file target24.txt (compact mmCIF, C-alpha atoms)
# COMPACT_ATOMS: atom_id res chain seq x y z
CA MET A 1 -58.96 158.75 -265.31
CA ASP A 2 -57.64 161.74 -263.32
CA CYS A 3 -58.79 164.17 -266.01
CA ARG A 4 -62.39 163.64 -264.85
CA TYR A 5 -61.65 165.19 -261.47
CA ASP A 6 -62.04 168.92 -260.99
CA HIS A 7 -61.77 169.26 -257.19
CA ILE A 8 -59.72 168.12 -254.24
CA LEU A 9 -61.62 167.67 -250.99
CA ILE A 10 -59.55 168.10 -247.79
CA ARG A 11 -60.56 166.63 -244.42
CA TYR A 12 -59.28 168.31 -241.27
CA GLY A 13 -58.87 165.38 -238.89
CA GLU A 14 -57.55 166.56 -235.50
CA LEU A 15 -58.73 170.13 -236.17
CA SER A 16 -62.30 168.86 -235.94
CA LEU A 17 -61.74 168.29 -232.20
CA LYS A 18 -60.83 171.91 -231.51
CA GLY A 19 -63.32 174.09 -229.68
CA LYS A 20 -63.50 177.87 -229.72
CA ASN A 21 -60.08 178.16 -231.40
CA ARG A 22 -61.07 175.94 -234.32
CA GLY A 23 -61.53 178.90 -236.65
CA ASN A 24 -57.96 180.07 -236.02
CA PHE A 25 -56.56 176.62 -236.75
CA ILE A 26 -58.55 176.37 -239.99
CA LYS A 27 -57.43 179.84 -241.03
CA THR A 28 -53.79 178.85 -240.46
CA LEU A 29 -54.25 175.62 -242.43
CA TYR A 30 -55.89 177.56 -245.26
CA GLU A 31 -52.88 179.87 -245.52
CA ASP A 32 -50.45 176.92 -245.30
CA VAL A 33 -52.22 175.14 -248.17
CA ARG A 34 -52.24 178.27 -250.34
CA ASN A 35 -48.54 178.92 -249.66
CA ALA A 36 -47.60 175.30 -250.40
CA LEU A 37 -49.43 175.46 -253.74
CA ALA A 38 -48.04 178.80 -254.88
CA ALA A 39 -46.50 177.06 -257.92
CA PHE A 40 -50.01 176.25 -259.25
CA PRO A 41 -51.46 179.69 -260.12
CA ALA A 42 -54.74 178.43 -261.63
CA LEU A 43 -55.98 176.89 -258.37
CA SER A 44 -58.73 178.45 -256.32
CA PHE A 45 -59.72 177.63 -252.75
CA ARG A 46 -62.70 177.54 -250.41
CA LYS A 47 -62.77 176.66 -246.72
CA GLU A 48 -65.71 175.57 -244.58
CA HIS A 49 -66.08 174.50 -240.96
CA ASP A 50 -65.57 170.80 -241.75
CA ARG A 51 -63.92 170.71 -245.19
CA MET A 52 -61.65 172.61 -247.53
CA TYR A 53 -61.97 172.51 -251.30
CA ILE A 54 -59.33 173.11 -253.97
CA TYR A 55 -60.61 173.81 -257.48
CA LEU A 56 -58.09 172.45 -259.98
CA ASN A 57 -59.07 174.67 -262.93
CA GLY A 58 -56.97 172.57 -265.27
CA GLU A 59 -53.93 172.01 -263.03
CA GLU A 60 -52.39 168.52 -262.86
CA ALA A 61 -54.34 166.68 -260.15
CA GLU A 62 -51.65 164.22 -259.06
CA ALA A 63 -49.00 166.94 -258.76
CA VAL A 64 -51.29 169.06 -256.59
CA CYS A 65 -52.15 166.07 -254.39
CA ALA A 66 -48.46 165.26 -253.88
CA VAL A 67 -47.89 168.75 -252.43
CA VAL A 68 -51.08 168.92 -250.35
CA SER A 69 -50.44 165.52 -248.75
CA ARG A 70 -47.34 167.02 -247.05
CA VAL A 71 -49.19 169.91 -245.39
CA PHE A 72 -49.57 169.32 -241.65
CA GLY A 73 -53.11 169.57 -240.28
CA ILE A 74 -54.74 167.47 -243.01
CA SER A 75 -56.15 164.06 -242.15
CA SER A 76 -56.86 162.95 -245.73
CA LEU A 77 -57.76 164.26 -249.15
CA SER A 78 -59.59 162.96 -252.17
CA LEU A 79 -59.87 163.83 -255.83
CA ALA A 80 -63.52 164.61 -256.41
CA ILE A 81 -66.13 165.26 -259.04
CA LYS A 82 -68.54 168.01 -258.00
CA VAL A 83 -72.13 167.93 -259.21
CA ARG A 84 -75.45 169.41 -258.16
CA PRO A 85 -77.21 167.51 -255.34
CA ASP A 86 -79.43 165.77 -257.85
CA MET A 87 -79.77 161.98 -258.02
CA GLU A 88 -79.51 161.82 -261.81
CA GLU A 89 -76.29 163.86 -261.86
CA ILE A 90 -74.88 161.81 -259.00
CA ARG A 91 -75.64 158.58 -260.83
CA GLN A 92 -73.92 159.74 -264.02
CA ALA A 93 -70.89 161.08 -262.12
CA VAL A 94 -70.44 157.76 -260.31
CA LEU A 95 -70.46 155.95 -263.64
CA ALA A 96 -67.88 158.43 -265.03
CA SER A 97 -65.58 157.96 -262.05
CA ILE A 98 -64.56 154.39 -262.93
CA ASP A 99 -62.52 153.00 -265.80
CA ALA A 100 -65.00 150.90 -267.78
CA GLU A 101 -62.25 149.43 -269.96
CA HIS A 102 -60.45 147.83 -267.02
CA PRO A 103 -63.14 146.17 -264.88
CA GLY A 104 -62.66 145.07 -261.30
CA THR A 105 -64.66 145.10 -258.07
CA PHE A 106 -66.23 148.11 -256.38
CA LYS A 107 -68.22 149.29 -253.41
CA ILE A 108 -70.41 152.40 -253.05
CA ALA A 109 -70.25 154.30 -249.73
CA ALA A 110 -72.75 157.16 -249.59
CA ARG A 111 -73.20 159.75 -246.83
CA ARG A 112 -75.77 162.53 -246.56
CA SER A 113 -74.64 165.66 -244.74
CA ASP A 114 -77.91 167.20 -245.89
CA LYS A 115 -80.58 165.11 -244.19
CA LEU A 116 -83.26 166.88 -246.25
CA PHE A 117 -81.98 165.20 -249.41
CA PRO A 118 -84.91 162.94 -250.42
CA VAL A 119 -82.86 159.79 -251.09
CA ILE A 120 -81.36 158.05 -248.05
CA SER A 121 -77.79 156.73 -248.07
CA ASP A 122 -78.68 153.07 -248.60
CA GLN A 123 -80.84 153.94 -251.61
CA ILE A 124 -78.01 156.07 -253.07
CA ASN A 125 -75.73 153.03 -252.76
CA ARG A 126 -78.21 150.79 -254.61
CA ILE A 127 -78.99 153.28 -257.39
CA CYS A 128 -75.35 154.04 -258.12
CA ALA A 129 -74.28 150.38 -257.96
CA GLY A 130 -77.06 149.46 -260.36
CA GLU A 131 -75.88 152.10 -262.83
CA ILE A 132 -72.36 150.61 -262.87
CA LEU A 133 -73.56 146.99 -263.10
CA ARG A 134 -75.84 147.76 -266.06
CA ASN A 135 -73.24 149.65 -268.07
CA THR A 136 -69.91 147.94 -267.29
CA ASP A 137 -68.39 144.58 -266.40
CA TRP A 138 -67.48 145.71 -262.87
CA LYS A 139 -68.68 143.53 -259.95
CA VAL A 140 -69.70 144.39 -256.40
CA ASP A 141 -67.44 143.38 -253.48
CA VAL A 142 -68.43 145.05 -250.21
CA LYS A 143 -65.57 143.56 -248.16
CA HIS A 144 -62.43 143.90 -250.30
CA PRO A 145 -63.21 146.06 -253.34
CA ASP A 146 -60.60 147.20 -255.84
CA VAL A 147 -62.24 150.63 -255.82
CA LYS A 148 -64.31 152.26 -253.10
CA ILE A 149 -66.53 155.00 -254.53
CA ILE A 150 -67.44 157.62 -251.93
CA VAL A 151 -70.52 159.77 -252.44
CA GLU A 152 -71.00 162.77 -250.14
CA VAL A 153 -74.19 164.76 -250.48
CA HIS A 154 -74.17 168.30 -249.06
CA ARG A 155 -76.81 170.99 -249.25
CA ASP A 156 -75.12 172.91 -252.06
CA ALA A 157 -73.32 170.10 -253.94
CA ALA A 158 -72.50 166.39 -254.11
CA TYR A 159 -68.99 164.97 -254.32
CA ILE A 160 -67.98 161.67 -255.89
CA MET A 161 -64.55 160.28 -254.91
CA THR A 162 -62.76 157.00 -255.62
CA LYS A 163 -59.60 157.35 -253.55
CA ARG A 164 -58.75 158.60 -250.04
CA ILE A 165 -55.15 159.84 -249.87
CA PRO A 166 -53.59 159.97 -246.37
CA GLY A 167 -52.56 163.43 -245.20
CA ALA A 168 -49.65 164.40 -242.98
CA GLY A 169 -51.86 164.69 -239.88
CA GLY A 170 -50.91 166.84 -236.91
CA LEU A 171 -51.64 170.55 -236.66
CA PRO A 172 -51.07 173.29 -239.25
CA VAL A 173 -47.60 174.78 -239.02
CA GLY A 174 -47.69 178.13 -237.25
CA ALA A 175 -50.74 177.35 -235.13
CA SER A 176 -48.59 176.47 -232.08
CA GLY A 177 -45.89 179.13 -232.15
CA ARG A 178 -42.22 179.03 -233.18
CA ALA A 179 -39.14 177.08 -232.11
CA MET A 180 -35.39 177.27 -232.76
CA VAL A 181 -34.12 173.78 -233.66
CA LEU A 182 -30.49 172.68 -233.25
CA LEU A 183 -29.91 171.08 -236.66
CA SER A 184 -26.77 168.96 -236.95
CA GLY A 185 -25.86 166.74 -239.86
CA GLY A 186 -27.03 163.58 -238.11
CA ILE A 187 -30.14 161.42 -238.26
CA ASP A 188 -31.91 162.60 -235.11
CA SER A 189 -32.22 166.38 -235.42
CA PRO A 190 -34.03 166.36 -238.82
CA VAL A 191 -36.51 163.86 -237.38
CA ALA A 192 -37.00 166.08 -234.31
CA SER A 193 -37.54 169.06 -236.63
CA TRP A 194 -40.23 167.18 -238.53
CA MET A 195 -41.97 166.06 -235.34
CA VAL A 196 -41.98 169.61 -233.96
CA MET A 197 -43.49 170.93 -237.20
CA LYS A 198 -46.16 168.21 -237.05
CA ARG A 199 -47.41 169.68 -233.78
CA GLY A 200 -48.03 173.00 -235.48
CA ILE A 201 -44.75 174.70 -234.51
CA ARG A 202 -42.98 176.74 -237.17
CA ILE A 203 -39.24 176.15 -236.94
CA GLU A 204 -36.06 178.02 -237.59
CA ALA A 205 -32.78 176.11 -237.45
CA VAL A 206 -29.35 176.82 -236.00
CA HIS A 207 -26.23 175.00 -237.14
CA PHE A 208 -22.77 175.30 -235.54
CA ALA A 209 -19.90 175.41 -238.03
CA ALA A 210 -16.27 175.19 -236.90
CA PRO A 211 -14.01 175.63 -239.93
CA PRO A 212 -11.40 174.41 -240.68
CA TYR A 213 -12.30 171.46 -238.43
CA THR A 214 -15.66 171.11 -240.20
CA SER A 215 -15.77 171.23 -243.98
CA GLN A 216 -17.88 173.05 -246.55
CA ALA A 217 -19.33 169.65 -247.40
CA ALA A 218 -20.66 169.35 -243.83
CA ARG A 219 -22.31 172.77 -244.12
CA ASP A 220 -23.82 171.89 -247.51
CA LYS A 221 -25.12 168.64 -246.03
CA VAL A 222 -27.04 170.56 -243.35
CA MET A 223 -28.45 172.93 -245.97
CA LYS A 224 -29.59 169.92 -247.99
CA LEU A 225 -31.32 168.50 -244.90
CA ALA A 226 -33.04 171.85 -244.36
CA SER A 227 -34.21 171.82 -247.98
CA LEU A 228 -35.71 168.34 -247.48
CA LEU A 229 -37.61 169.62 -244.42
CA ALA A 230 -38.66 172.92 -246.03
CA PRO A 231 -41.68 171.58 -247.99
CA TRP A 232 -43.41 170.72 -244.72
CA GLN A 233 -43.66 174.40 -243.76
CA GLY A 234 -42.82 176.34 -246.92
CA GLU A 235 -39.27 177.47 -246.10
CA ILE A 236 -36.74 177.35 -243.26
CA LEU A 237 -34.49 180.14 -242.01
CA LEU A 238 -31.11 178.56 -241.16
CA HIS A 239 -28.72 180.37 -238.79
CA VAL A 240 -25.11 179.24 -239.37
CA VAL A 241 -23.09 180.08 -236.24
CA PRO A 242 -19.27 180.54 -236.47
CA PHE A 243 -18.28 178.32 -233.55
CA THR A 244 -14.52 177.73 -234.01
CA GLU A 245 -13.11 180.25 -231.51
CA LEU A 246 -15.57 179.33 -228.78
CA GLN A 247 -15.01 175.63 -229.33
CA LEU A 248 -11.23 175.95 -229.11
CA ALA A 249 -11.63 178.07 -225.96
CA ILE A 250 -13.66 175.26 -224.41
CA TYR A 251 -10.83 172.79 -225.02
CA GLN A 252 -8.28 175.31 -223.76
CA HIS A 253 -9.99 176.01 -220.44
CA CYS A 254 -11.90 172.82 -219.63
CA ASP A 255 -10.97 169.28 -218.83
CA GLU A 256 -11.42 167.11 -221.91
CA SER A 257 -14.00 164.85 -220.26
CA TYR A 258 -16.27 167.86 -219.70
CA ALA A 259 -15.72 169.40 -223.15
CA ILE A 260 -18.90 168.05 -224.74
CA THR A 261 -21.03 169.06 -221.76
CA ILE A 262 -19.65 172.61 -221.77
CA MET A 263 -19.98 172.78 -225.56
CA ARG A 264 -23.65 171.78 -225.37
CA ARG A 265 -24.21 174.39 -222.67
CA MET A 266 -22.72 177.04 -224.97
CA MET A 267 -24.80 175.85 -227.90
CA LEU A 268 -27.95 176.06 -225.83
CA ARG A 269 -27.06 179.59 -224.72
CA ILE A 270 -26.56 180.65 -228.34
CA ALA A 271 -29.79 178.96 -229.44
CA ALA A 272 -31.65 180.72 -226.62
CA GLY A 273 -30.19 184.06 -227.70
CA LEU A 274 -31.21 183.50 -231.31
CA ALA A 275 -34.65 182.32 -230.18
CA GLN A 276 -35.13 185.53 -228.23
CA LYS A 277 -34.05 187.65 -231.22
CA ARG A 278 -36.40 185.76 -233.55
CA HIS A 279 -39.36 185.64 -231.14
CA CYS A 280 -39.30 181.85 -230.79
CA GLN A 281 -41.03 180.44 -227.73
CA ALA A 282 -38.96 177.24 -227.46
CA ILE A 283 -35.77 175.43 -228.43
CA ALA A 284 -35.87 171.91 -229.91
CA THR A 285 -33.16 169.27 -230.15
CA GLY A 286 -32.78 165.72 -231.46
CA GLU A 287 -31.60 164.29 -228.14
CA SER A 288 -32.59 160.74 -227.23
CA VAL A 289 -32.15 159.64 -223.62
CA GLY A 290 -29.03 157.52 -223.14
CA GLN A 291 -27.93 157.56 -226.77
CA VAL A 292 -24.61 159.34 -226.14
CA ALA A 293 -22.78 160.76 -223.12
CA SER A 294 -24.33 164.22 -223.42
CA GLN A 295 -27.83 162.73 -223.51
CA THR A 296 -28.00 161.05 -220.12
CA LEU A 297 -30.53 162.57 -217.74
CA GLU A 298 -27.69 163.93 -215.61
CA SER A 299 -26.15 165.60 -218.66
CA MET A 300 -29.47 167.04 -219.76
CA VAL A 301 -30.00 168.57 -216.31
CA CYS A 302 -26.55 170.18 -216.44
CA ILE A 303 -27.02 171.45 -219.99
CA ASN A 304 -30.59 172.67 -219.48
CA GLU A 305 -29.56 174.79 -216.50
CA VAL A 306 -28.21 177.58 -218.74
CA THR A 307 -31.61 178.72 -220.05
CA THR A 308 -35.20 179.21 -218.92
CA THR A 309 -36.45 178.82 -222.50
CA PRO A 310 -38.44 175.57 -222.82
CA VAL A 311 -36.44 172.81 -224.54
CA LEU A 312 -38.45 170.32 -226.61
CA ARG A 313 -36.98 166.85 -227.15
CA PRO A 314 -39.46 164.92 -229.33
CA CYS A 315 -37.03 162.00 -229.83
CA ALA A 316 -36.23 161.68 -226.12
CA CYS A 317 -38.02 158.36 -225.57
CA MET A 318 -37.45 156.82 -229.00
CA ASP A 319 -34.82 154.22 -229.82
CA LYS A 320 -32.50 154.56 -232.80
CA LEU A 321 -34.45 152.20 -235.04
CA GLU A 322 -37.64 154.19 -234.52
CA ILE A 323 -35.81 157.40 -235.39
CA ILE A 324 -34.28 155.81 -238.50
CA ARG A 325 -37.70 154.62 -239.69
CA ILE A 326 -39.06 158.16 -239.53
CA ALA A 327 -35.93 159.53 -241.23
CA GLU A 328 -36.49 157.10 -244.11
CA GLN A 329 -40.17 158.01 -244.24
CA ILE A 330 -39.53 161.76 -244.54
CA GLY A 331 -36.58 161.35 -246.92
CA THR A 332 -33.70 162.68 -244.77
CA TYR A 333 -31.92 159.42 -243.94
CA ASP A 334 -29.75 159.08 -247.06
CA THR A 335 -28.44 162.63 -246.62
CA SER A 336 -27.95 162.26 -242.86
CA ILE A 337 -25.61 159.29 -243.26
CA LEU A 338 -23.23 161.08 -245.64
CA PRO A 339 -19.79 160.98 -243.92
CA PHE A 340 -19.29 164.71 -243.36
CA GLU A 341 -18.86 165.30 -239.62
CA ASP A 342 -20.08 168.26 -237.60
CA CYS A 343 -18.27 169.89 -234.69
CA CYS A 344 -19.91 167.57 -232.14
CA THR A 345 -18.49 164.40 -233.68
CA ILE A 346 -15.06 165.78 -234.64
CA PHE A 347 -14.43 167.21 -231.16
CA THR A 348 -15.76 164.24 -229.17
CA PRO A 349 -13.36 163.35 -226.31
CA LYS A 350 -12.19 159.79 -225.75
CA ALA A 351 -13.87 159.50 -222.33
CA PRO A 352 -16.70 162.04 -221.97
CA VAL A 353 -18.30 162.34 -218.56
CA THR A 354 -21.77 160.76 -218.40
CA LYS A 355 -22.80 162.20 -215.03
CA PRO A 356 -21.47 165.76 -215.06
CA ARG A 357 -21.69 167.95 -211.97
CA LEU A 358 -23.08 171.45 -212.29
CA ASP A 359 -20.50 172.91 -209.90
CA LYS A 360 -17.66 171.58 -212.04
CA CYS A 361 -19.25 173.00 -215.20
CA GLU A 362 -19.48 176.41 -213.57
CA ARG A 363 -15.91 176.12 -212.31
CA PHE A 364 -14.56 175.45 -215.82
CA GLU A 365 -16.66 178.26 -217.33
CA SER A 366 -15.36 180.76 -214.77
CA ARG A 367 -11.88 180.51 -216.30
CA TRP A 368 -12.57 182.73 -219.33
CA ASP A 369 -14.93 185.36 -220.74
CA TRP A 370 -17.26 183.03 -222.60
CA GLN A 371 -20.11 185.56 -222.45
CA THR A 372 -18.38 187.81 -225.00
CA GLN A 373 -17.81 184.87 -227.33
CA VAL A 374 -21.42 183.69 -227.03
CA THR A 375 -22.65 187.20 -227.86
CA ALA A 376 -20.30 187.31 -230.87
CA CYS A 377 -21.64 183.97 -232.12
CA ILE A 378 -25.21 185.26 -231.93
CA GLU A 379 -24.38 188.54 -233.67
CA GLN A 380 -22.23 186.97 -236.39
CA ALA A 381 -24.60 184.13 -237.27
CA GLU A 382 -25.20 183.94 -241.01
CA LYS A 383 -28.83 183.71 -242.11
CA VAL A 384 -29.68 181.46 -245.06
CA ARG A 385 -33.26 181.15 -246.27
CA ILE A 386 -33.84 177.58 -247.46
CA ARG A 387 -36.80 176.97 -249.76
CA PRO A 388 -38.10 173.67 -251.20
CA GLY A 389 -35.85 172.47 -253.99
CA TYR A 390 -32.79 174.32 -252.67
CA THR A 391 -29.61 172.61 -253.85
CA PRO A 392 -26.19 173.42 -252.33
CA ASP A 393 -23.43 174.11 -254.84
CA ALA A 394 -21.91 170.70 -254.17
CA VAL A 395 -22.32 167.82 -251.78
CA PRO A 396 -19.53 165.43 -252.94
CA ALA A 397 -20.69 161.89 -253.58
CA ALA A 398 -17.34 160.35 -252.68
CA PRO A 399 -16.12 160.62 -249.08
CA ALA A 400 -12.38 160.41 -249.79
CA ALA A 401 -11.63 164.15 -249.68
CA CYS A 402 -13.72 164.57 -246.56
CA ILE A 403 -11.89 161.74 -244.80
CA LEU A 404 -8.52 163.32 -245.58
CA GLU A 405 -9.74 166.69 -244.35
CA ALA A 406 -11.10 165.10 -241.16
CA ALA A 407 -7.76 163.39 -240.57
CA ALA A 408 -5.93 166.70 -240.99
CA SER A 409 -8.39 168.36 -238.65
CA GLU A 410 -7.82 165.73 -235.98
CA ALA A 411 -4.05 166.30 -236.21
CA GLN A 412 -4.53 170.06 -235.93
CA LEU A 413 -6.89 169.58 -233.02
CA ALA A 414 -4.51 167.27 -231.18
CA GLU A 415 -1.74 169.84 -231.48
CA ALA A 416 -4.07 172.66 -230.39
CA ASN A 417 -5.19 170.61 -227.38
CA ARG A 418 -1.59 169.83 -226.40
CA ARG A 419 -0.60 173.51 -226.46
CA ALA A 420 -3.81 174.75 -224.87
CA CYS A 421 -4.01 172.27 -222.03
CA GLU A 422 -0.42 172.36 -220.83
CA PRO A 423 -0.98 175.06 -218.18
CA GLN A 424 -4.35 173.67 -217.12
CA GLN A 425 -5.22 171.19 -214.41
CA THR A 426 -6.54 167.83 -215.50
CA GLU A 427 -9.74 166.34 -214.13
CA ALA A 428 -7.73 164.13 -211.78
CA GLU A 429 -5.83 167.11 -210.38
CA ILE A 430 -8.91 169.15 -209.48
CA THR A 431 -9.54 168.91 -205.75
CA GLU A 432 -12.55 169.70 -203.67
CA ALA A 433 -10.81 172.92 -202.61
CA ASP A 434 -10.70 174.00 -206.24
CA LEU A 435 -14.47 173.60 -206.56
CA PHE A 436 -15.75 175.28 -203.39
call {"tool": "encode", "arguments": {"input": "target24.txt", "output": "structure tokens"}}
result
Amino acid sequence: MDCRYDHILIRYGELSLKGKNRGNFIKTLYEDVRNALAAFPALSFRKEHDRMYIYLNGEEAEAVCAVVSRVFGISSLSLAIKVRPDMEEIRQAVLASIDAEHPGTFKIAARRSDKLFPVISDQINRICAGEILRNTDWKVDVKHPDVKIIVEVHRDAAYIMTKRIPGAGGLPVGASGRAMVLLSGGIDSPVASWMVMKRGIRIEAVHFAAPPYTSQAARDKVMKLASLLAPWQGEILLHVVPFTELQLAIYQHCDESYAITIMRRMMLRIAAGLAQKRHCQAIATGESVGQVASQTLESMVCINEVTTTPVLRPCACMDKLEIIRIAEQIGTYDTSILPFEDCCTIFTPKAPVTKPRLDKCERFESRWDWQTQVTACIEQAEKVRIRPGYTPDAVPAAPAACILEAAASEAQLAEANRRACEPQQTEAEITEADLF
């Protein structure tokens, strides 16, 4: 039945509510749609103030719809037959739009955008329904039809559609600026990335790698997650930051209970530096209030203090089950739960502080030249351009090797911590005099 369709009609949804900037949003959506469909060279496009049209020109309709339905800024789309705004042509097109060999129930829903068209909507419904009833075994059911046939009459053409496909909603990517997203290998940060893109923000991602404590499998896992997110905006630039030296310095100069807080402060500094270099207006994270020690409100205040760049936290008020549902919906969940740990999970202390004090954070950071290391991380970050369909060389299916490597890393880390922390004061030994 799809071979009868020669157009896809796109409805804007939220863009229809925009005022003077509506034209800019539609222009951005138009470019996003064209970029997303670059693999279909025969397509042609036309945009109007309330609709966009894709001319299939022989391309596979279902394949094109599958791509378009993932472009943010689209409320819905429909495969359509385009005819002249003539009642006879409309009647014949409606009859051609159904499968006469497999009868069911139907309903006609007509709408006239062109009020000068001589046949009113109710009459269009009756004429088209009569054509189907006379020539097929289909029956009318206005409440629960198997097929709803939509007829839209415009001044220059009429469109006959039998299916409304939900779009991704939101705003077209790029219409709301750019953000640098902290992308770990977990469940939350890919969901946050997707939610940020849905509000029209084009993202770049930063990932912190700490070899040998984190494995190549963990890096490949993050690249796979980026490739699963890439279709929503075309491609993603991933910045892989070499974090080992700075992370070991944190454990050498800071009390263990504050290590995660200081580490997150360093990560935010690096993300802010990369955001400035790449002209991003914001940073985004997958933090959810109260989920872990570094995500209490007190921790967020301490961590946020290092930058004036706005930090977006779209998952902040969501519980874990809500985040998991979205991860399953967008296809990142199965990759996120692969057992390859990032530097945050491998280096987690046994008793992290949940209500860190800013003065203590600054006291620990004053013990070494972290500024030079942060600058080095920004300058040495590796850039990887991730496009849809990108496949890392290998993401092992079995976790055994990764578990052994993680165990070795923990032993190495324990020894490094023992040597590094010997000359340092512990949290219990720090007095008020030390802090002021």
call {"tool": "closest_atom_pairs", "arguments": {"input": "target24.txt", "of": "range 74-118 of chain A", "to": "range 52-55 of chain A", "cutoff": "12 Å", "atoms": "all atoms listed in the file", "output": "tab-separated table"}}
result
residue	atom	partner	partner_atom	distance
A:Ile74	CA	A:Met52	CA	9.7
A:Ser75	CA	A:Met52	CA	11.5
A:Ser76	CA	A:Met52	CA	10.9
A:Leu77	CA	A:Met52	CA	9.4
A:Ser78	CA	A:Tyr53	CA	9.9
A:Leu79	CA	A:Ile54	CA	9.5
A:Ala80	CA	A:Tyr53	CA	9.5
A:Ile81	CA	A:Tyr55	CA	10.3
A:Lys82	CA	A:Tyr55	CA	9.8
call {"tool": "residues_around", "arguments": {"input": "target24.txt", "residues": "range 254-262 of chain A", "least_positions_apart": "2", "cutoff": "7 Å", "atoms": "only C-alpha atoms", "output": "PDB file with C-alpha atoms, keeping the file's coordinate frame"}}
result
ATOM      1  CA  ILE A 250     -13.660 175.260-224.410  1.00  0.00           C
ATOM      2  CA  TYR A 251     -10.830 172.790-225.020  1.00  0.00           C
ATOM      3  CA  GLN A 252      -8.280 175.310-223.760  1.00  0.00           C
ATOM      4  CA  ARG A 264     -23.650 171.780-225.370  1.00  0.00           C
ATOM      5  CA  ARG A 265     -24.210 174.390-222.670  1.00  0.00           C
ATOM      6  CA  MET A 266     -22.720 177.040-224.970  1.00  0.00           C
ATOM      7  CA  SER A 294     -24.330 164.220-223.420  1.00  0.00           C
ATOM      8  CA  SER A 299     -26.150 165.600-218.660  1.00  0.00           C
ATOM      9  CA  ILE A 303     -27.020 171.450-219.990  1.00  0.00           C
ATOM     10  CA  THR A 348     -15.760 164.240-229.170  1.00  0.00           C
ATOM     11  CA  PRO A 349     -13.360 163.350-226.310  1.00  0.00           C
ATOM     12  CA  ALA A 351     -13.870 159.500-222.330  1.00  0.00           C
ATOM     13  CA  PRO A 352     -16.700 162.040-221.970  1.00  0.00           C
ATOM     14  CA  VAL A 353     -18.300 162.340-218.560  1.00  0.00           C
ATOM     15  CA  CYS A 361     -19.250 173.000-215.200  1.00  0.00           C
ATOM     16  CA  PHE A 364     -14.560 175.450-215.820  1.00  0.00           C
ATOM     17  CA  THR A 426      -6.540 167.830-215.500  1.00  0.00           C
ATOM     18  CA  GLU A 427      -9.740 166.340-214.130  1.00  0.00           C
TER      19      GLU A 427
END
call {"tool": "closest_residue", "arguments": {"input": "target24.txt", "among": "A:Tyr390, A:Glu298, A:Lys139, A:Val384", "to": "Leu358 in chain A", "atoms": "all atoms listed in the file"}}
result
A:Glu298
call {"tool": "closest_residue", "arguments": {"input": "target24.txt", "among": "A:Ala376, A:Ala209, A:Met161, A:Val147", "to": "Leu183 in chain A", "atoms": "all atoms listed in the file"}}
result
A:Ala209
call {"tool": "residues_around", "arguments": {"input": "target24.txt", "residues": "Ala327 in chain A", "least_positions_apart": "4", "cutoff": "7 Å", "atoms": "all atoms listed in the file", "output": "number ranges by chain"}}
result
A: 187, 191, 323, 331-333
call {"tool": "closest_residue", "arguments": {"input": "target24.txt", "among": "A:Ile120, A:Ile10, A:Ala179, A:Ala110", "to": "Gly73 in chain A", "atoms": "all atoms listed in the file"}}
result
A:Ile10
call {"tool": "closest_residue", "arguments": {"input": "target24.txt", "among": "A:Val196, A:Ile324, A:Arg111, A:Phe106", "to": "Gly130 in chain A", "atoms": "all atoms listed in the file"}}
result
A:Phe106
call {"tool": "closest_atom_pairs", "arguments": {"input": "target24.txt", "of": "range 171-225 of chain A", "to": "range 241-248 of chain A", "cutoff": "7 Å", "atoms": "all atoms listed in the file", "output": "JSON lines"}}
result
{"residue": "A:His207", "atom": "CA", "partner": "A:Val241", "partner_atom": "CA", "distance": 6.0}
{"residue": "A:Phe208", "atom": "CA", "partner": "A:Val241", "partner_atom": "CA", "distance": 4.8}
{"residue": "A:Ala209", "atom": "CA", "partner": "A:Pro242", "partner_atom": "CA", "distance": 5.4}
{"residue": "A:Ala210", "atom": "CA", "partner": "A:Thr244", "partner_atom": "CA", "distance": 4.2}
{"residue": "A:Pro211", "atom": "CA", "partner": "A:Thr244", "partner_atom": "CA", "distance": 6.3}
call {"tool": "residues_around", "arguments": {"input": "target24.txt", "residues": "Thr28 in chain A", "least_positions_apart": "6", "cutoff": "12 Å", "atoms": "all atoms listed in the file", "output": "ChimeraX atom specification"}}
result
/A:12,15,21-22,34-35,47,71-74,171-177,200-202,233
call {"tool": "atom_distance", "arguments": {"input": "target24.txt", "atom1": "CA of Leu56 in chain A", "atom2": "CA of Tyr5 in chain A"}}
result
8.2 Å
call {"tool": "closest_residue", "arguments": {"input": "target24.txt", "among": "A:Ser288, A:Ile98, A:Ser227, A:Met180", "to": "Thr162 in chain A", "atoms": "only C-alpha atoms"}}
result
A:Ile98
call {"tool": "axis_aligned_box", "arguments": {"input": "target24.txt", "around": "range 111-128 of chain A", "padding_each_side": "8 Å", "output": "JSON"}}
result
{"center_x": -79.1, "center_y": 159.0, "center_z": -251.2, "size_x": 27.7, "size_y": 32.4, "size_z": 29.9}
call {"tool": "atom_distance", "arguments": {"input": "target24.txt", "atom1": "CA of Val240 in chain A", "atom2": "CA of Gln371 in chain A"}}
result
18.7 Å
call {"tool": "closest_residue", "arguments": {"input": "target24.txt", "among": "A:Gly234, A:Val292, A:Ala96, A:Ile283", "to": "Thr136 in chain A", "atoms": "only C-alpha atoms"}}
result
A:Ala96
call {"tool": "atom_distance", "arguments": {"input": "target24.txt", "atom1": "CA of Asp156 in chain A", "atom2": "CA of Leu9 in chain A"}}
result
14.5 Å
call {"tool": "residues_around", "arguments": {"input": "target24.txt", "residues": "Gly186 in chain A", "least_positions_apart": "2", "cutoff": "8 Å", "atoms": "all atoms listed in the file", "output": "PyMOL selection string"}}
result
chain A and resi 184+188-190+336-337
